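Trainee: This is target10.txt, which holds compact mmCIF, C-alpha atoms:
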```
# COMPACT_ATOMS: atom_id res chain seq x y z
CA MET A 781 38.58 -32.74 8.34
CA GLU A 782 36.72 -30.65 10.93
CA VAL A 783 33.44 -29.11 9.75
CA PHE A 784 31.49 -26.54 11.77
CA ILE A 785 27.87 -25.72 10.84
CA GLU A 786 26.91 -22.43 12.46
CA ARG A 787 23.15 -22.69 12.11
CA SER A 788 22.87 -25.94 14.05
CA HIS A 789 25.94 -25.19 16.22
CA THR A 790 27.37 -28.59 15.33
CA THR A 791 30.94 -29.69 14.66
CA MET A 792 31.73 -32.95 12.87
CA ASN A 793 34.88 -34.79 11.90
CA LEU A 794 34.89 -36.67 8.61
CA GLU A 795 37.09 -37.92 5.79
CA PHE A 796 36.48 -35.95 2.59
CA GLU A 797 38.25 -34.72 -0.53
CA GLY A 798 36.49 -32.63 -3.17
CA SER A 799 35.04 -29.13 -3.48
CA VAL A 800 33.27 -27.06 -0.84
CA ARG A 801 30.06 -27.42 -2.85
CA GLU A 802 30.37 -31.24 -2.84
CA LEU A 803 31.11 -31.22 0.90
CA ALA A 804 27.97 -29.16 1.57
CA GLU A 805 25.94 -31.56 -0.57
CA LYS A 806 27.35 -34.56 1.32
CA ILE A 807 26.34 -33.22 4.73
CA GLY A 808 22.94 -31.90 3.60
CA VAL A 809 23.66 -28.17 3.63
CA ASN A 810 22.28 -25.93 0.83
CA ILE A 811 25.36 -24.08 -0.43
CA VAL A 812 23.15 -21.06 -1.25
CA GLU A 813 22.38 -20.66 2.46
CA VAL A 814 25.97 -20.64 3.76
CA LEU A 815 29.18 -18.70 3.47
CA SER A 816 32.13 -21.10 3.29
CA VAL A 817 35.27 -20.44 5.32
CA LYS A 818 38.36 -22.64 4.91
CA ASN A 819 41.09 -22.35 7.54
CA GLY A 820 39.86 -18.87 8.44
CA GLU A 821 39.55 -17.53 4.86
CA ILE A 822 36.34 -16.99 2.86
CA VAL A 823 36.40 -19.31 -0.16
CA PRO A 824 34.23 -19.80 -3.27
CA GLU A 825 31.98 -22.83 -3.77
CA ASP A 826 34.39 -24.73 -6.04
CA GLU A 827 37.35 -24.38 -3.64
CA PRO A 828 39.10 -27.75 -3.20
CA VAL A 829 39.18 -29.10 0.36
CA ASN A 830 40.95 -32.06 1.93
CA ASN A 831 41.26 -33.89 5.23
CA ASN A 832 43.72 -31.39 6.70
CA ASP A 833 41.29 -28.48 6.37
CA LYS A 834 39.03 -26.85 8.93
CA ILE A 835 35.79 -25.75 7.29
CA SER A 836 33.06 -23.49 8.67
CA PHE A 837 29.66 -23.03 7.04
CA LEU A 838 28.35 -19.67 8.30
CA SER A 839 24.60 -19.20 8.00
CA VAL A 840 23.57 -16.39 5.68
CA VAL A 841 19.99 -16.67 6.96
CA SER A 842 19.65 -14.67 10.14
CA GLY A 843 17.50 -12.04 11.74
CA GLY A 844 13.78 -12.24 11.53
CA MET B 1349 39.80 -20.36 -8.48
CA LYS B 1350 41.12 -16.99 -9.62
CA CYS B 1351 39.41 -13.61 -9.62
CA GLU B 1352 37.79 -12.65 -12.94
CA GLN B 1353 39.59 -9.31 -12.81
CA CYS B 1354 43.07 -10.08 -11.41
CA ALA B 1355 45.39 -12.95 -10.47
CA LYS B 1356 44.36 -13.18 -6.80
CA ASN B 1357 42.32 -16.04 -5.33
CA SER B 1358 38.58 -15.47 -5.43
CA ILE B 1359 36.36 -15.40 -2.35
CA SER B 1360 33.03 -15.53 -4.21
CA SER B 1361 31.36 -17.48 -6.99
CA GLN B 1362 29.02 -15.91 -9.54
CA PRO B 1363 30.85 -13.62 -10.02
CA SER B 1364 34.25 -15.02 -9.14
CA LEU B 1365 36.05 -12.13 -7.41
CA CYS B 1366 38.92 -11.58 -4.97
CA ALA B 1367 38.29 -9.63 -1.74
CA ASP B 1368 39.23 -6.24 -3.25
CA HIS B 1369 37.15 -6.67 -6.39
CA PHE B 1370 34.23 -8.13 -4.43
CA ASP B 1371 34.28 -5.03 -2.24
CA SER B 1372 34.19 -2.73 -5.31
CA TYR B 1373 31.43 -4.88 -6.83
CA ILE B 1374 29.21 -4.39 -3.75
CA VAL B 1375 29.93 -0.66 -3.45
CA ASP B 1376 29.18 -0.19 -7.19
CA LYS B 1377 26.01 -2.25 -6.94
CA VAL B 1378 24.69 -0.16 -4.04
CA GLN B 1379 25.76 3.12 -5.66
CA ASN B 1380 24.03 2.13 -8.93
CA THR B 1381 20.84 1.22 -7.08
CA ILE B 1382 20.87 4.59 -5.30
CA ARG B 1383 21.41 6.43 -8.60
CA THR B 1384 19.09 4.38 -10.83
CA PHE B 1385 16.11 4.65 -8.49
CA SER B 1386 16.95 8.15 -7.13
CA LEU B 1387 16.98 6.79 -3.58
CA LEU B 1388 19.07 9.39 -1.77
CA ASN B 1389 20.57 12.85 -1.98
CA LYS B 1390 23.52 14.00 0.11
CA THR B 1391 21.31 16.74 1.59
CA ASP B 1392 18.53 14.37 2.73
CA ARG B 1393 17.82 13.94 6.43
CA VAL B 1394 18.28 10.18 6.65
CA LEU B 1395 17.09 7.74 9.31
CA VAL B 1396 18.35 4.14 9.20
CA ALA B 1397 16.00 1.57 10.71
CA ALA B 1398 18.55 -0.84 12.16
CA SER B 1399 18.49 -4.05 14.15
CA GLY B 1400 22.19 -4.64 14.72
CA GLY B 1401 22.03 -7.66 12.40
CA LYS B 1402 24.15 -8.14 9.30
CA ASP B 1403 21.89 -6.31 6.84
CA SER B 1404 21.47 -3.04 8.70
CA THR B 1405 25.13 -3.15 9.77
CA ALA B 1406 26.22 -3.56 6.15
CA VAL B 1407 23.93 -0.82 4.83
CA MET B 1408 25.20 1.65 7.47
CA HIS B 1409 28.83 0.78 6.68
CA LEU B 1410 28.19 1.27 2.95
CA LEU B 1411 26.30 4.56 3.40
CA GLU B 1412 29.15 5.93 5.49
CA ARG B 1413 31.67 4.94 2.83
CA LEU B 1414 29.53 6.63 0.17
CA GLY B 1415 29.50 9.86 2.18
CA TYR B 1416 25.94 9.88 3.55
CA SER B 1417 25.26 10.95 7.13
CA PHE B 1418 22.34 9.50 9.08
CA ASP B 1419 20.68 8.90 12.43
CA ILE B 1420 19.53 5.47 13.58
CA VAL B 1421 16.39 4.04 15.11
CA ALA B 1422 16.15 0.51 16.50
CA ILE B 1423 13.13 -1.35 17.80
CA ASP B 1424 13.24 -3.58 20.87
CA GLU B 1425 10.33 -5.98 20.38
CA GLY B 1426 10.88 -7.68 23.72
CA ILE B 1427 12.00 -11.11 22.52
CA LYS B 1428 13.89 -12.98 25.23
CA GLY B 1429 17.37 -14.14 24.27
CA TYR B 1430 17.31 -12.45 20.86
CA ARG B 1431 17.22 -8.68 20.62
CA LYS B 1432 19.50 -7.77 23.55
CA GLY B 1433 22.62 -9.08 21.81
CA THR B 1434 21.98 -7.43 18.45
CA LEU B 1435 21.30 -4.10 20.18
CA GLU B 1436 24.66 -4.43 21.95
CA ASP B 1437 26.31 -4.89 18.53
CA LEU B 1438 24.36 -1.92 17.20
CA ARG B 1439 25.61 0.35 20.00
CA VAL B 1440 29.19 -0.57 19.00
CA ASN B 1441 28.51 0.06 15.29
CA ALA B 1442 26.56 3.25 15.89
CA LYS B 1443 29.03 5.05 18.11
CA ASN B 1444 29.34 7.96 15.63
CA ASN B 1445 25.60 8.34 15.00
CA SER B 1446 22.57 9.42 16.98
CA LEU B 1447 20.80 6.23 18.08
CA LYS B 1448 17.23 6.04 19.39
CA ILE B 1449 15.81 2.74 20.68
CA LEU B 1450 12.01 2.39 20.90
CA SER B 1451 10.44 -0.61 22.62
CA PHE B 1452 7.09 -2.36 22.19
CA LYS B 1453 6.80 -2.51 25.97
CA LYS B 1454 7.13 1.24 26.40
CA GLU B 1455 5.15 2.30 23.32
CA PHE B 1456 2.36 -0.32 23.33
CA ASP B 1457 2.57 -1.41 26.96
CA ILE B 1458 3.20 -5.03 25.89
CA SER B 1459 6.29 -6.90 24.68
CA LEU B 1460 6.07 -9.31 21.75
CA ASP B 1461 6.69 -12.25 24.11
CA GLU B 1462 3.82 -11.11 26.35
CA HIS B 1463 1.57 -10.55 23.33
CA MET B 1464 2.25 -14.05 22.01
CA LYS B 1465 1.28 -15.60 25.35
CA LYS B 1466 -2.14 -13.95 25.00
CA GLU B 1467 -2.82 -14.15 21.25
CA LYS B 1468 -2.77 -16.98 18.70
CA GLN B 1469 -1.72 -14.84 15.72
CA HIS B 1470 1.64 -15.46 14.10
CA ALA B 1471 4.38 -13.41 15.76
CA CYS B 1472 5.82 -12.07 12.47
CA ARG B 1473 2.50 -10.50 11.57
CA VAL B 1474 2.13 -8.73 14.92
CA CYS B 1475 5.79 -7.75 15.02
CA GLY B 1476 5.73 -6.30 11.49
CA VAL B 1477 2.70 -4.13 12.21
CA PHE B 1478 4.12 -2.71 15.48
CA ARG B 1479 7.61 -2.23 14.03
CA ARG B 1480 6.30 -0.30 11.03
CA LYS B 1481 4.23 1.89 13.34
CA LEU B 1482 7.21 2.78 15.53
CA ILE B 1483 9.56 3.34 12.61
CA ALA B 1484 6.96 5.67 11.02
CA LYS B 1485 6.75 7.56 14.31
CA ALA B 1486 10.55 7.88 14.57
CA ALA B 1487 10.75 9.00 10.94
CA ASN B 1488 8.87 12.20 11.62
CA GLY B 1489 11.16 15.05 10.51
CA TYR B 1490 13.30 12.90 8.21
CA ASP B 1491 13.21 12.83 4.39
CA VAL B 1492 13.89 9.14 4.02
CA VAL B 1493 14.05 5.90 6.02
CA VAL B 1494 16.72 3.39 5.00
CA THR B 1495 16.20 -0.30 5.67
CA GLY B 1496 18.58 -3.24 5.26
CA HIS B 1497 16.23 -5.27 3.05
CA ASN B 1498 18.22 -7.33 0.57
CA LEU B 1499 17.55 -9.29 -2.63
CA ASP B 1500 16.46 -12.40 -0.71
CA ASP B 1501 14.00 -10.42 1.41
CA GLU B 1502 12.45 -8.87 -1.68
CA ALA B 1503 12.25 -12.13 -3.66
CA GLN B 1504 10.55 -13.75 -0.64
CA ALA B 1505 8.08 -10.88 -0.23
CA ILE B 1506 7.17 -10.96 -3.93
CA MET B 1507 6.56 -14.73 -3.92
CA MET B 1508 4.62 -14.54 -0.63
CA ASN B 1509 2.31 -11.94 -2.14
CA VAL B 1510 1.94 -13.95 -5.34
CA LEU B 1511 0.94 -17.00 -3.28
CA LYS B 1512 -1.55 -14.87 -1.36
CA ASN B 1513 -2.67 -13.14 -4.59
CA ASN B 1514 -2.26 -9.81 -2.85
CA ALA B 1515 -1.71 -7.14 -5.52
CA ALA B 1516 -2.17 -4.26 -3.06
CA LEU B 1517 0.80 -5.41 -0.95
CA MET B 1518 2.92 -5.65 -4.12
CA ASN B 1519 2.68 -1.89 -4.35
CA ARG B 1520 4.66 -1.53 -1.11
CA LEU B 1521 7.61 -3.42 -2.59
CA GLY B 1522 10.39 -2.13 -4.81
CA PRO B 1523 13.60 -0.25 -3.91
CA LYS B 1524 11.64 2.86 -2.91
CA THR B 1525 8.10 3.26 -1.59
CA ARG B 1526 5.88 5.74 -3.38
CA GLU B 1527 5.52 9.16 -1.80
CA GLN B 1528 2.33 9.31 0.22
CA GLU B 1529 0.99 11.98 2.56
CA GLY B 1530 1.91 11.15 6.15
CA PHE B 1531 4.49 8.49 5.24
CA THR B 1532 8.24 9.00 5.02
CA VAL B 1533 9.66 7.34 1.92
CA ARG B 1534 11.44 4.04 2.70
CA ILE B 1535 14.38 2.92 0.58
CA LYS B 1536 16.39 -0.29 0.21
CA PRO B 1537 19.97 0.36 -0.97
CA LEU B 1538 20.78 -3.39 -0.68
CA TYR B 1539 17.92 -4.21 -3.07
CA PHE B 1540 20.11 -6.15 -5.53
CA VAL B 1541 22.61 -7.50 -2.96
CA SER B 1542 21.91 -11.11 -1.99
CA GLU B 1543 21.91 -12.27 1.61
CA LYS B 1544 25.06 -14.29 0.94
CA GLU B 1545 26.79 -11.24 -0.52
CA VAL B 1546 25.78 -9.19 2.53
CA LEU B 1547 27.31 -11.76 4.89
CA THR B 1548 30.46 -11.96 2.76
CA TYR B 1549 30.80 -8.16 2.99
CA VAL B 1550 30.24 -8.17 6.77
CA VAL B 1551 32.73 -10.99 7.43
CA MET B 1552 35.30 -9.52 5.02
CA HIS B 1553 35.18 -6.15 6.82
CA LYS B 1554 35.15 -7.86 10.25
CA LEU B 1555 32.04 -5.92 11.29
CA PRO B 1556 30.80 -6.90 14.76
CA VAL B 1557 27.68 -8.97 14.04
CA ARG B 1558 26.68 -12.17 15.78
CA PHE B 1559 24.67 -15.04 14.31
CA VAL B 1560 21.25 -15.04 15.87
CA GLU B 1561 17.86 -16.19 14.62
CA CYS B 1562 14.57 -14.85 15.87
CA PRO B 1563 12.87 -17.69 17.80
CA TYR B 1564 9.58 -16.86 16.07
CA GLN B 1565 11.08 -17.12 12.56
CA GLN B 1566 11.40 -20.92 12.50
CA ASP B 1567 7.84 -21.74 11.53
CA SER B 1568 7.09 -18.56 9.59
CA PHE B 1569 5.62 -18.53 6.09
CA ARG B 1570 8.52 -16.31 5.03
CA GLY B 1571 11.02 -18.89 6.26
CA GLU B 1572 9.28 -21.62 4.28
CA VAL B 1573 9.16 -19.50 1.11
CA GLY B 1574 12.83 -18.56 1.65
CA ARG B 1575 13.91 -22.21 1.80
CA TRP B 1576 11.90 -22.95 -1.34
CA ILE B 1577 13.50 -20.05 -3.25
CA ASN B 1578 16.96 -21.11 -2.03
CA SER B 1579 16.41 -24.60 -3.35
CA LEU B 1580 15.44 -23.10 -6.72
CA GLU B 1581 18.49 -20.82 -6.58
CA LYS B 1582 20.70 -23.87 -6.02
CA SER B 1583 19.37 -25.71 -9.08
CA SER B 1584 18.91 -22.55 -11.19
CA PRO B 1585 21.39 -19.85 -10.11
CA GLY B 1586 20.04 -16.34 -10.67
CA THR B 1587 16.44 -17.22 -9.74
CA LYS B 1588 16.18 -14.59 -6.99
CA GLU B 1589 17.41 -11.79 -9.20
CA LYS B 1590 15.05 -12.87 -12.00
CA ILE B 1591 12.07 -12.81 -9.61
CA VAL B 1592 12.91 -9.28 -8.50
CA ARG B 1593 13.77 -7.86 -11.95
CA LYS B 1594 10.64 -9.34 -13.58
CA PHE B 1595 8.60 -7.89 -10.73
CA LEU B 1596 10.07 -4.44 -11.28
CA ARG B 1597 9.24 -4.62 -14.99
CA THR B 1598 5.65 -5.76 -14.59
CA THR B 1599 3.70 -5.77 -11.34
CA LEU B 1600 5.08 -2.55 -9.88
CA ALA B 1601 3.83 -0.60 -12.88
CA VAL B 1602 0.21 -1.71 -12.67
CA THR B 1603 -0.76 -1.82 -8.99
CA GLU B 1604 -2.32 1.05 -7.12
CA GLU B 1605 -2.87 1.12 -3.35
CA PRO B 1606 -5.98 2.80 -1.94
CA LYS B 1607 -5.18 5.99 -0.04
CA GLN B 1608 -6.94 6.68 3.25
CA THR B 1609 -6.11 7.26 6.90
CA CYS B 1610 -6.85 5.21 10.01
CA SER B 1611 -10.01 6.50 11.68
CA ARG B 1612 -8.45 5.88 15.11
CA CYS B 1613 -4.89 7.16 14.99
CA GLY B 1614 -4.84 9.11 11.71
CA ALA B 1615 -1.89 7.22 10.22
CA PRO B 1616 -1.99 6.40 6.47
CA SER B 1617 -3.58 2.98 6.05
CA ALA B 1618 -5.03 0.71 3.41
CA ARG B 1619 -7.93 -0.01 5.82
CA SER B 1620 -10.39 2.21 7.69
CA VAL B 1621 -8.71 1.12 10.95
CA CYS B 1622 -4.99 0.33 10.67
CA ARG B 1623 -3.60 -3.04 11.74
CA SER B 1624 -1.71 -1.54 14.66
CA CYS B 1625 -4.88 -0.08 16.21
CA THR B 1626 -6.70 -3.33 15.52
CA LEU B 1627 -3.99 -5.30 17.32
CA GLN B 1628 -4.05 -2.91 20.24
CA GLY B 1629 -7.75 -3.61 20.64
CA ARG B 1630 -8.84 -0.06 19.97
CA VAL B 1631 -11.72 -1.07 17.71
```
Output the file's structure in the form of structure tokens.

Mentor:
Amino acid sequence: MEVFIERSHTTMNLEFEGSVRELAEKIGVNIVEVLSVKNGEIVPEDEPVNNNDKISFLSVVSGG
Amino acid sequence: MKCEQCAKNSISSQPSLCADHFDSYIVDKVQNTIRTFSLLNKTDRVLVAASGGKDSTAVMHLLERLGYSFDIVAIDEGIKGYRKGTLEDLRVNAKNNSLKILSFKKEFDISLDEHMKKEKQHACRVCGVFRRKLIAKAANGYDVVVTGHNLDDEAQAIMMNVLKNNAALMNRLGPKTREQEGFTVRIKPLYFVSEKEVLTYVVMHKLPVRFVECPYQQDSFRGEVGRWINSLEKSSPGTKEKIVRKFLRTTLAVTEEPKQTCSRCGAPSARSVCRSCTLQGRV
């Protein structure tokens, strides 16, 4: 699975099966602070994800 | 997960809605806020204070859909590597509206970056004072100024003022500022829309907004309070909305801000000399 975290501009590859919420927890991202995108589509927090998916966590905290 | 209102896949949690129903949910929420708090009339001369970021872009998109016309003002603080890009996005989004850009450099003869090299104050404090001054200046001749403040912004501001025990500042919060001589009323149509919902709306509608964080925001008190509230929101969903709704029911009803004008520039101010004049060294 490829996971992109917008806020830190990092991309990581990892093995994972579970929900988007669990994935965020695993990599230390607060699910409240991100919008989850799976294979180009916005998905809810309990969306199941697997190793074939490409996930982006877009930062909802911006501006200043 | 399916939408609460149809058989399509949902794009959001709490509530669980598909793209179409999420869109209606946001439009209804904004329309209800406008109606409930009497924020806007179709005949009002409206100025949107925009940055080109997701919040002001979303509020402009929603106002257009709801049939309101408006002009736009944007402030260029002079922050290297930050504001230029969002103003480019704003020019794309604002192609059907009158857009005026005011800069700190031109109006105060100093950019925020230059100011921060000379002063030890926190940038957000300086920036907020100068921005409000310029927006108030641009608002002359308008009935109302619209800002893109959302639920997260308001919950943060409330908790920041609680931590500072600043009841007078509480009076400036709420979906609509009180009418005061010399001030144009400021309204927040996104008052009950969370930051996450705003981004969902922007991405769903493919509005041109880039991810960019102000370099001065990192170590701000607001940022720290925001992270704290978000951790509470994660363990107790609905915390932000509770903070804001409880505030509306209690604090807003009992605070009263002193009314006077700045002895230097004549603008309405809670102090004898307003913060902007103080920062400009005119005292």

Trainee: For a quick check of your reading of the model, name the residues lying within 10 Å of the coordinate (-10.4, -1.1, 8.4), counting all atoms listed in the file, and write them as a short mmCIF file (atom, residue, chain, number, x, y, z; two decimals) with C-alpha atoms, in the frame of the given file.

Mentor:
```cif
data_model
loop_
_atom_site.label_atom_id
_atom_site.label_comp_id
_atom_site.auth_asym_id
_atom_site.auth_seq_id
_atom_site.Cartn_x
_atom_site.Cartn_y
_atom_site.Cartn_z
CA GLN B 1608 -6.94 6.68 3.25
CA THR B 1609 -6.11 7.26 6.90
CA CYS B 1610 -6.85 5.21 10.01
CA SER B 1611 -10.01 6.50 11.68
CA ARG B 1612 -8.45 5.88 15.11
CA SER B 1617 -3.58 2.98 6.05
CA ALA B 1618 -5.03 0.71 3.41
CA ARG B 1619 -7.93 -0.01 5.82
CA SER B 1620 -10.39 2.21 7.69
CA VAL B 1621 -8.71 1.12 10.95
CA CYS B 1622 -4.99 0.33 10.67
CA ARG B 1623 -3.60 -3.04 11.74
CA CYS B 1625 -4.88 -0.08 16.21
CA THR B 1626 -6.70 -3.33 15.52
CA VAL B 1631 -11.72 -1.07 17.71
#
```

Trainee: Please determine the residues with any atom at most 9 Å from (38.6, -27.0, -4.9) (coordinates as given in the file, with only C-alpha atoms counting) and report them as an MDAnalysis selection string.

Mentor: (chainID A and resid 797:801 824:830) or (chainID B and resid 1349)

Trainee: Would you save the residues of that selection, restricted to C-alpha atoms, as a PDB file, in the frame of the given file?

Mentor:
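To be explicit, this is the file written out as again.pdb:
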```pdb
ATOM      1  CA  GLU A 797      38.250 -34.720  -0.530  1.00  0.00           C
ATOM      2  CA  GLY A 798      36.490 -32.630  -3.170  1.00  0.00           C
ATOM      3  CA  SER A 799      35.040 -29.130  -3.480  1.00  0.00           C
ATOM      4  CA  VAL A 800      33.270 -27.060  -0.840  1.00  0.00           C
ATOM      5  CA  ARG A 801      30.060 -27.420  -2.850  1.00  0.00           C
ATOM      6  CA  PRO A 824      34.230 -19.800  -3.270  1.00  0.00           C
ATOM      7  CA  GLU A 825      31.980 -22.830  -3.770  1.00  0.00           C
ATOM      8  CA  ASP A 826      34.390 -24.730  -6.040  1.00  0.00           C
ATOM      9  CA  GLU A 827      37.350 -24.380  -3.640  1.00  0.00           C
ATOM     10  CA  PRO A 828      39.100 -27.750  -3.200  1.00  0.00           C
ATOM     11  CA  VAL A 829      39.180 -29.100   0.360  1.00  0.00           C
ATOM     12  CA  ASN A 830      40.950 -32.060   1.930  1.00  0.00           C
TER      13      ASN A 830
ATOM     14  CA  MET B1349      39.800 -20.360  -8.480  1.00  0.00           C
TER      15      MET B1349
END
```

Trainee: Would you work out the distance separating atom CA of Leu838 of chain A from atom CA of Val814 of chain A, expressed in Å to one decimal?

Mentor: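 Separation of atom CA of Leu838 of chain A and atom CA of Val814 of chain A: 5.2 Å.
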
Trainee: Restrict the distance test to only C-alpha atoms, flag each residue of chain B within 9 Å of chain A, and return the flagged residues as a JSON list (two decimals) with C-alpha atoms, keeping the file's coordinate frame.

Mentor:
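Listing of part27.json after writing:
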```json
[["chain", "number", "residue", "atom", "x", "y", "z"],
["B", 1349, "MET", "CA", 39.80, -20.36, -8.48],
["B", 1357, "ASN", "CA", 42.32, -16.04, -5.33],
["B", 1358, "SER", "CA", 38.58, -15.47, -5.43],
["B", 1359, "ILE", "CA", 36.36, -15.40, -2.35],
["B", 1360, "SER", "CA", 33.03, -15.53, -4.21],
["B", 1361, "SER", "CA", 31.36, -17.48, -6.99],
["B", 1364, "SER", "CA", 34.25, -15.02, -9.14],
["B", 1365, "LEU", "CA", 36.05, -12.13, -7.41],
["B", 1367, "ALA", "CA", 38.29, -9.63, -1.74],
["B", 1399, "SER", "CA", 18.49, -4.05, 14.15],
["B", 1401, "GLY", "CA", 22.03, -7.66, 12.40],
["B", 1402, "LYS", "CA", 24.15, -8.14, 9.30],
["B", 1403, "ASP", "CA", 21.89, -6.31, 6.84],
["B", 1472, "CYS", "CA", 5.82, -12.07, 12.47],
["B", 1543, "GLU", "CA", 21.91, -12.27, 1.61],
["B", 1544, "LYS", "CA", 25.06, -14.29, 0.94],
["B", 1545, "GLU", "CA", 26.79, -11.24, -0.52],
["B", 1546, "VAL", "CA", 25.78, -9.19, 2.53],
["B", 1547, "LEU", "CA", 27.31, -11.76, 4.89],
["B", 1548, "THR", "CA", 30.46, -11.96, 2.76],
["B", 1551, "VAL", "CA", 32.73, -10.99, 7.43],
["B", 1552, "MET", "CA", 35.30, -9.52, 5.02],
["B", 1559, "PHE", "CA", 24.67, -15.04, 14.31],
["B", 1560, "VAL", "CA", 21.25, -15.04, 15.87],
["B", 1561, "GLU", "CA", 17.86, -16.19, 14.62],
["B", 1562, "CYS", "CA", 14.57, -14.85, 15.87],
["B", 1563, "PRO", "CA", 12.87, -17.69, 17.80],
["B", 1564, "TYR", "CA", 9.58, -16.86, 16.07],
["B", 1565, "GLN", "CA", 11.08, -17.12, 12.56],
["B", 1571, "GLY", "CA", 11.02, -18.89, 6.26],
["B", 1575, "ARG", "CA", 13.91, -22.21, 1.80],
["B", 1578, "ASN", "CA", 16.96, -21.11, -2.03],
["B", 1579, "SER", "CA", 16.41, -24.60, -3.35],
["B", 1581, "GLU", "CA", 18.49, -20.82, -6.58],
["B", 1582, "LYS", "CA", 20.70, -23.87, -6.02]]
```

Trainee: Pick out the closest residue to Ala1486 of chain B from this set: B:Phe1531, B:Phe1540, B:Tyr1416, B:Phe1370. Count only C-alpha atoms.

Mentor: B:Phe1531

Trainee: Which value, in Å to one decimal, gives the distance between atom CA of Ala804 of chain A and atom CA of Met792 of chain A?

Mentor: 12.5 Å

Trainee: What is the atom CA of Leu1410 of chain B to atom CA of Val1378 of chain B distance in Å?

Mentor: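 Computed distance, atom CA of Leu1410 of chain B to atom CA of Val1378 of chain B, equals 7.9 Å.
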
Trainee: Identify which of the residues B:Asp1491, B:Glu1352, B:Glu1467, B:Glu1462 lies closest to Lys1390 of chain B, counting all atoms listed in the file when measuring atom-to-atom distances.

Mentor: B:Asp1491

Trainee: So which one's closest to Thr791 of chain A, A:Asn831, A:Ser836, A:Glu805, A:Lys818? Using only C-alpha atoms, please.

Mentor: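 Under the stated criterion, the closest residue is A:Ser836.
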
Trainee: Skip Leu794 of chain A itself and residues of its chain fewer than 4 positions away, then list as a list in words all residues within 8 Å of it, counting all atoms listed in the file.

Mentor: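 The residues satisfying every condition are Met781, Glu782, Val783 and Asn831 of chain A.
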
Trainee: Missing atoms in segment 1526-1537 of chain B: fill them in up to N, CA, C and O atoms and send the result as a PDB file, in the coordinates of the input.

Mentor:
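Output saved as part19.pdb:
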```pdb
ATOM      1  N   ARG B1526       6.409   4.535  -2.743  1.00  0.00           N
ATOM      2  CA  ARG B1526       5.880   5.740  -3.380  1.00  0.00           C
ATOM      3  C   ARG B1526       5.618   6.813  -2.332  1.00  0.00           C
ATOM      4  O   ARG B1526       5.272   6.496  -1.192  1.00  0.00           O
ATOM      5  N   GLU B1527       5.772   8.067  -2.740  1.00  0.00           N
ATOM      6  CA  GLU B1527       5.520   9.160  -1.800  1.00  0.00           C
ATOM      7  C   GLU B1527       4.032   9.214  -1.490  1.00  0.00           C
ATOM      8  O   GLU B1527       3.202   9.130  -2.382  1.00  0.00           O
ATOM      9  N   GLN B1528       3.721   9.289  -0.206  1.00  0.00           N
ATOM     10  CA  GLN B1528       2.330   9.310   0.220  1.00  0.00           C
ATOM     11  C   GLN B1528       2.226  10.216   1.442  1.00  0.00           C
ATOM     12  O   GLN B1528       3.071  10.145   2.346  1.00  0.00           O
ATOM     13  N   GLU B1529       1.210  11.027   1.460  1.00  0.00           N
ATOM     14  CA  GLU B1529       0.990  11.980   2.560  1.00  0.00           C
ATOM     15  C   GLU B1529       1.042  11.246   3.906  1.00  0.00           C
ATOM     16  O   GLU B1529       0.351  10.248   4.098  1.00  0.00           O
ATOM     17  N   GLY B1530       1.852  11.743   4.815  1.00  0.00           N
ATOM     18  CA  GLY B1530       1.910  11.150   6.150  1.00  0.00           C
ATOM     19  C   GLY B1530       2.924  10.036   6.303  1.00  0.00           C
ATOM     20  O   GLY B1530       3.206   9.592   7.406  1.00  0.00           O
ATOM     21  N   PHE B1531       3.487   9.555   5.198  1.00  0.00           N
ATOM     22  CA  PHE B1531       4.490   8.490   5.240  1.00  0.00           C
ATOM     23  C   PHE B1531       5.848   9.023   4.784  1.00  0.00           C
ATOM     24  O   PHE B1531       5.909   9.732   3.780  1.00  0.00           O
ATOM     25  N   THR B1532       6.891   8.680   5.497  1.00  0.00           N
ATOM     26  CA  THR B1532       8.240   9.000   5.020  1.00  0.00           C
ATOM     27  C   THR B1532       8.645   7.905   4.043  1.00  0.00           C
ATOM     28  O   THR B1532       8.392   6.726   4.298  1.00  0.00           O
ATOM     29  N   VAL B1533       9.249   8.304   2.941  1.00  0.00           N
ATOM     30  CA  VAL B1533       9.660   7.340   1.920  1.00  0.00           C
ATOM     31  C   VAL B1533      10.672   6.354   2.506  1.00  0.00           C
ATOM     32  O   VAL B1533      11.589   6.752   3.228  1.00  0.00           O
ATOM     33  N   ARG B1534      10.495   5.067   2.225  1.00  0.00           N
ATOM     34  CA  ARG B1534      11.440   4.040   2.700  1.00  0.00           C
ATOM     35  C   ARG B1534      12.232   3.520   1.508  1.00  0.00           C
ATOM     36  O   ARG B1534      11.657   3.243   0.443  1.00  0.00           O
ATOM     37  N   ILE B1535      13.522   3.380   1.692  1.00  0.00           N
ATOM     38  CA  ILE B1535      14.380   2.920   0.580  1.00  0.00           C
ATOM     39  C   ILE B1535      15.227   1.721   1.000  1.00  0.00           C
ATOM     40  O   ILE B1535      15.497   1.516   2.179  1.00  0.00           O
ATOM     41  N   LYS B1536      15.630   0.949  -0.024  1.00  0.00           N
ATOM     42  CA  LYS B1536      16.390  -0.290   0.210  1.00  0.00           C
ATOM     43  C   LYS B1536      17.659  -0.290  -0.641  1.00  0.00           C
ATOM     44  O   LYS B1536      17.662  -0.852  -1.745  1.00  0.00           O
ATOM     45  N   PRO B1537      18.736   0.320  -0.162  1.00  0.00           N
ATOM     46  CA  PRO B1537      19.970   0.360  -0.970  1.00  0.00           C
ATOM     47  C   PRO B1537      20.557  -1.027  -1.275  1.00  0.00           C
ATOM     48  O   PRO B1537      21.291  -1.189  -2.248  1.00  0.00           O
TER      49      PRO B1537
END
```
